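Pasting work.cif here (mmCIF, C-alpha atoms):
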```cif
data_structure
#
loop_
_atom_site.label_atom_id
_atom_site.label_comp_id
_atom_site.auth_asym_id
_atom_site.auth_seq_id
_atom_site.Cartn_x
_atom_site.Cartn_y
_atom_site.Cartn_z
CA MET A 1 38.11 34.38 1.85
CA SER A 2 34.54 33.33 1.29
CA LEU A 3 32.02 34.68 3.76
CA VAL A 4 29.68 31.75 3.20
CA ARG A 5 31.14 28.34 4.02
CA GLU A 6 30.68 25.11 5.94
CA GLY A 7 27.41 23.73 4.65
CA LEU A 8 25.73 26.99 3.68
CA ARG A 9 23.73 27.12 0.47
CA GLU A 10 24.29 30.03 -1.90
CA GLY A 11 22.64 33.13 -0.50
CA GLU A 12 22.23 31.71 3.01
CA LEU A 13 22.87 34.03 5.93
CA SER A 14 26.26 33.81 7.62
CA HIS A 15 27.34 35.24 10.97
CA CYS A 16 31.01 35.70 11.62
CA ASP A 17 33.82 37.60 13.15
CA SER A 18 35.84 38.46 10.05
CA ARG A 19 39.01 36.98 11.60
CA HIS A 20 37.59 33.47 11.22
CA LEU A 21 38.04 31.55 7.99
CA VAL A 22 35.19 29.16 8.76
CA GLN A 23 31.76 30.77 8.78
CA ARG A 24 28.61 29.28 10.25
CA PRO A 25 24.86 29.96 9.93
CA VAL A 26 23.69 32.74 12.19
CA ALA A 27 21.34 30.42 14.07
CA ARG A 28 24.28 28.31 15.27
CA LEU A 29 26.58 31.03 16.52
CA GLU A 30 26.12 33.54 19.31
CA PRO A 31 27.97 36.86 18.99
CA THR A 32 30.99 37.33 21.22
CA ASN A 33 31.79 40.62 22.92
CA THR A 34 28.72 42.24 21.37
CA ASP A 35 25.48 43.79 22.53
CA CYS A 36 23.20 40.85 21.75
CA GLU A 37 20.08 42.96 22.21
CA ARG A 38 20.63 45.16 19.14
CA VAL A 39 21.49 44.72 15.47
CA ASN A 40 23.16 47.48 13.46
CA LEU A 41 21.65 47.79 9.97
CA ASP A 42 23.75 49.09 7.12
CA VAL A 43 22.37 50.52 3.88
CA SER A 44 22.55 47.20 2.02
CA SER A 45 20.61 45.33 4.71
CA MET A 46 17.87 47.98 4.78
CA LEU A 47 17.58 47.85 0.98
CA ALA A 48 17.24 44.06 1.13
CA TRP A 49 14.62 44.44 3.87
CA VAL A 50 12.32 46.56 1.68
CA SER A 51 13.21 45.27 -1.81
CA SER A 52 10.45 43.97 -4.03
CA LEU A 53 12.66 40.92 -4.59
CA THR A 54 12.12 39.82 -0.99
CA HIS A 55 8.37 40.48 -1.19
CA GLY A 56 7.21 38.57 -4.27
CA GLY A 57 9.04 40.43 -7.04
CA GLU A 58 11.51 37.60 -7.55
CA MET A 59 9.13 36.06 -10.11
CA TYR A 60 9.86 38.79 -12.65
CA THR A 61 12.40 38.44 -15.45
CA LEU A 62 14.26 41.74 -15.29
CA GLN A 63 16.40 43.40 -17.95
CA GLU A 64 19.63 43.70 -15.95
CA ARG A 65 21.69 40.53 -15.56
CA ILE A 66 22.69 41.22 -11.95
CA LEU A 67 19.05 41.77 -10.96
CA ASN A 68 18.04 38.49 -12.58
CA GLU A 69 20.82 36.78 -10.65
CA GLN A 70 19.47 38.24 -7.42
CA ALA A 71 15.95 37.15 -8.37
CA GLU A 72 17.19 33.61 -9.01
CA GLN A 73 18.98 33.59 -5.65
CA GLU A 74 15.76 34.72 -4.00
CA ARG A 75 13.77 31.94 -5.66
CA GLN A 76 16.32 29.37 -4.51
CA SER A 77 16.91 30.75 -1.01
CA PRO A 78 14.40 33.41 0.15
CA LEU A 79 16.18 36.10 2.13
CA TRP A 80 13.22 37.60 4.00
CA PRO A 81 12.82 34.65 6.44
CA GLN A 82 16.58 34.73 7.08
CA LEU A 83 16.50 38.44 7.91
CA GLN A 84 13.59 37.85 10.26
CA ARG A 85 15.41 35.03 12.06
CA ALA A 86 18.58 37.11 12.37
CA THR A 87 16.74 40.03 13.98
CA ARG A 88 14.01 38.25 15.95
CA GLY A 89 13.78 39.58 19.49
CA LYS A 90 16.41 42.25 18.85
CA LYS A 91 16.21 46.02 18.62
CA LEU A 92 17.06 47.43 15.20
CA MET A 93 19.43 50.38 15.02
CA ALA A 94 21.19 52.35 12.32
CA CYS A 95 23.56 55.27 12.46
CA ARG A 96 22.48 58.57 10.94
CA THR A 97 24.71 58.17 7.88
CA ALA A 98 23.19 54.76 7.08
CA ALA A 99 19.61 55.93 7.62
CA ASP A 100 20.10 59.03 5.48
CA GLY A 101 21.84 57.08 2.71
CA PHE A 102 19.07 54.49 2.69
CA SER A 103 16.34 57.13 2.56
CA ASP A 104 18.09 58.91 -0.30
CA ILE A 105 18.35 55.74 -2.41
CA VAL A 106 14.74 54.72 -1.76
CA GLY A 107 13.54 58.22 -2.59
CA LYS A 108 15.36 58.20 -5.92
CA VAL A 109 14.78 54.67 -7.25
CA GLY A 110 12.27 52.94 -4.98
CA GLY A 111 8.78 51.95 -6.09
CA GLU A 112 5.70 52.94 -4.13
CA GLN A 113 5.52 49.70 -2.14
CA GLU A 114 9.26 49.79 -1.47
CA LYS A 115 8.88 53.35 -0.19
CA ALA A 116 6.02 52.26 2.06
CA ARG A 117 8.09 49.40 3.47
CA ALA A 118 10.99 51.81 3.99
CA ARG A 119 8.79 54.10 6.07
CA SER A 120 7.64 51.14 8.15
CA LEU A 121 11.21 49.94 8.65
CA LEU A 122 12.52 53.35 9.71
CA ALA A 123 9.67 53.62 12.20
CA MET A 124 11.08 50.49 13.90
CA VAL A 125 14.73 51.53 13.75
CA GLU A 126 16.52 53.50 16.44
CA VAL A 127 18.61 56.03 14.54
CA VAL A 128 21.71 56.96 16.52
CA ASP A 129 24.34 59.61 15.96
CA ASP A 130 27.37 58.56 13.95
CA CYS A 131 30.04 57.32 16.34
CA PRO A 132 32.67 55.44 14.31
CA SER A 133 35.40 53.69 16.24
CA PRO A 134 38.97 54.99 15.92
CA ARG A 135 40.13 51.71 14.39
CA ALA A 136 37.47 51.92 11.68
CA MET A 137 38.53 55.44 10.81
CA THR A 138 42.15 54.33 10.39
CA LEU A 139 41.17 52.20 7.38
CA SER A 140 42.59 53.43 4.09
CA VAL A 141 39.86 54.42 1.64
CA SER A 142 39.62 52.30 -1.51
CA HIS A 143 36.94 51.23 -3.99
CA ARG A 144 35.70 48.75 -1.35
CA ILE A 145 36.32 50.85 1.75
CA THR A 146 34.27 54.01 1.38
CA PRO A 147 34.02 56.83 3.92
CA ARG A 148 30.34 55.96 4.46
CA ALA A 149 31.08 52.30 5.16
CA LYS A 150 33.77 53.27 7.66
CA ILE A 151 31.20 55.32 9.56
CA VAL A 152 28.46 52.67 9.41
CA PHE A 153 30.56 49.67 10.44
CA GLY A 154 32.59 51.81 12.81
CA SER A 155 29.47 52.99 14.62
CA GLY A 156 28.38 49.39 15.13
CA ASP A 157 31.89 48.66 16.37
CA THR A 158 31.76 51.49 18.92
CA LEU A 159 28.37 50.33 20.18
CA ARG A 160 29.55 46.69 20.23
CA THR A 161 26.67 45.48 18.08
CA LEU A 162 26.60 42.96 15.28
CA THR A 163 26.21 44.63 11.88
CA LEU A 164 23.81 43.09 9.37
CA THR A 165 25.15 43.64 5.85
CA ALA A 166 25.44 42.48 2.26
CA ASN A 167 28.71 44.39 1.92
CA GLY A 168 31.08 41.46 2.16
CA GLY A 169 33.62 43.35 0.06
CA PHE A 170 34.11 45.91 2.81
CA VAL A 171 34.41 43.22 5.47
CA ARG A 172 37.12 41.38 3.51
CA ALA A 173 38.99 44.56 2.60
CA ALA A 174 38.96 45.75 6.21
CA ALA A 175 40.21 42.36 7.37
CA HIS A 176 43.10 42.61 4.91
CA GLN A 177 44.06 45.84 6.68
CA GLY A 178 43.88 44.08 10.04
CA VAL A 179 40.53 45.47 11.20
CA HIS A 180 37.88 42.85 11.96
CA PHE A 181 34.20 43.48 12.57
CA GLU A 182 31.43 41.36 14.06
CA VAL A 183 29.05 40.96 11.14
CA CYS A 184 26.16 38.95 9.76
CA VAL A 185 26.53 38.73 5.98
CA HIS A 186 23.69 38.08 3.55
CA SER A 187 23.13 38.25 -0.21
CA SER A 188 22.39 41.56 -1.90
CA ARG A 189 18.90 42.56 -2.96
CA ALA A 190 18.42 45.73 -5.00
CA LEU A 191 15.29 47.84 -5.33
CA THR A 192 13.46 46.50 -8.37
CA GLU A 193 9.81 47.52 -8.12
CA ALA A 194 10.11 50.37 -10.62
CA LYS A 195 11.87 48.07 -13.10
CA GLN A 196 9.13 45.44 -12.92
CA GLN A 197 6.82 47.64 -14.98
CA SER A 198 8.91 46.94 -18.08
CA SER A 199 9.65 43.31 -17.18
CA VAL A 200 8.01 39.95 -17.76
CA LEU A 201 6.29 38.00 -15.01
CA ASP A 202 7.56 34.42 -15.01
CA ASN A 203 4.60 32.13 -14.30
CA THR A 204 6.52 28.89 -14.78
#
```
What would you get if you wrote out this structure as structure tokens?
Amino acid sequence: MSLVREGLREGELSHCDSRHLVQRPVARLEPTNTDCERVNLDVSSMLAWVSSLTHGGEMYTLQERILNEQAEQERQSPLWPQLQRATRGKKLMACRTAADGFSDIVGKVGGEQEKARARSLLAMVEVVDDCPSPRAMTLSVSHRITPRAKIVFGSGDTLRTLTLTANGGFVRAAAHQGVHFEVCVHSSRALTEAKQQSSVLDNT
């Protein structure tokens, strides 16, 4: 099941309940049975929020193929405006496991500007105690369903908030086990600032 359908360009934001085969742009669909005042951020969404790729670094030619693919996606469909539209007027929240995981990754591989953006983001985010829903914790662990993801998505489930994520693999795998989450799915953006130092700036 594709998470991006019905007129969406590659990389465009999609909001869905994972039970639905047809997905629609977030601007055209209001969440059902959710706390519309808050958005639950997972690790992937916070990384995309602070990534150099979403703040001008998409013009670099990087050494890793997957990073170049993300840079090309960013040039074709900038993610930053989509993230802003998806969260405008809403309170940002993250469970403790997500916030700690994000901070750990940024601390290890983030560049100085990415670290600065991470500090600014965390200052805006309400970090709540982990509170995964029972149905999330019943999911069988696999290469797509990790213990951390169960806690992060499950906490959003308990608090009845929409979860902003690039982890479509988890959403699909959970749906295959009969557990459906209210999510807003976007393309992945890795931290690339440190890698830009050994890369070529594309001025074309």
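When atom CA of Ala71 of chain A is paired with atom CA of Lys115 of chain A, their separation reads 19.5 Å.
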I'd like the residues picked by the PyMOL selection byres ((chain A and resi 148) around 10) written out as a PyMOL selection string, using the chain letters and numbers from the file.
chain A and resi 42-43+97-98+101+145-147+149-154
Rounded to one decimal, what separation in Å do you get between atom CA of Gly110 of chain A and atom CA of Thr54 of chain A?
13.7 Å
So, with all atoms listed in the file as the atoms that count, which of A:Ala99, A:Val50, A:Leu83, A:Met137 lies closest to Ser120 of chain A?
A:Val50
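Interatomic distance, atom CA of Cys95 of chain A against atom CA of Ser142 of chain A: 21.5 Å.
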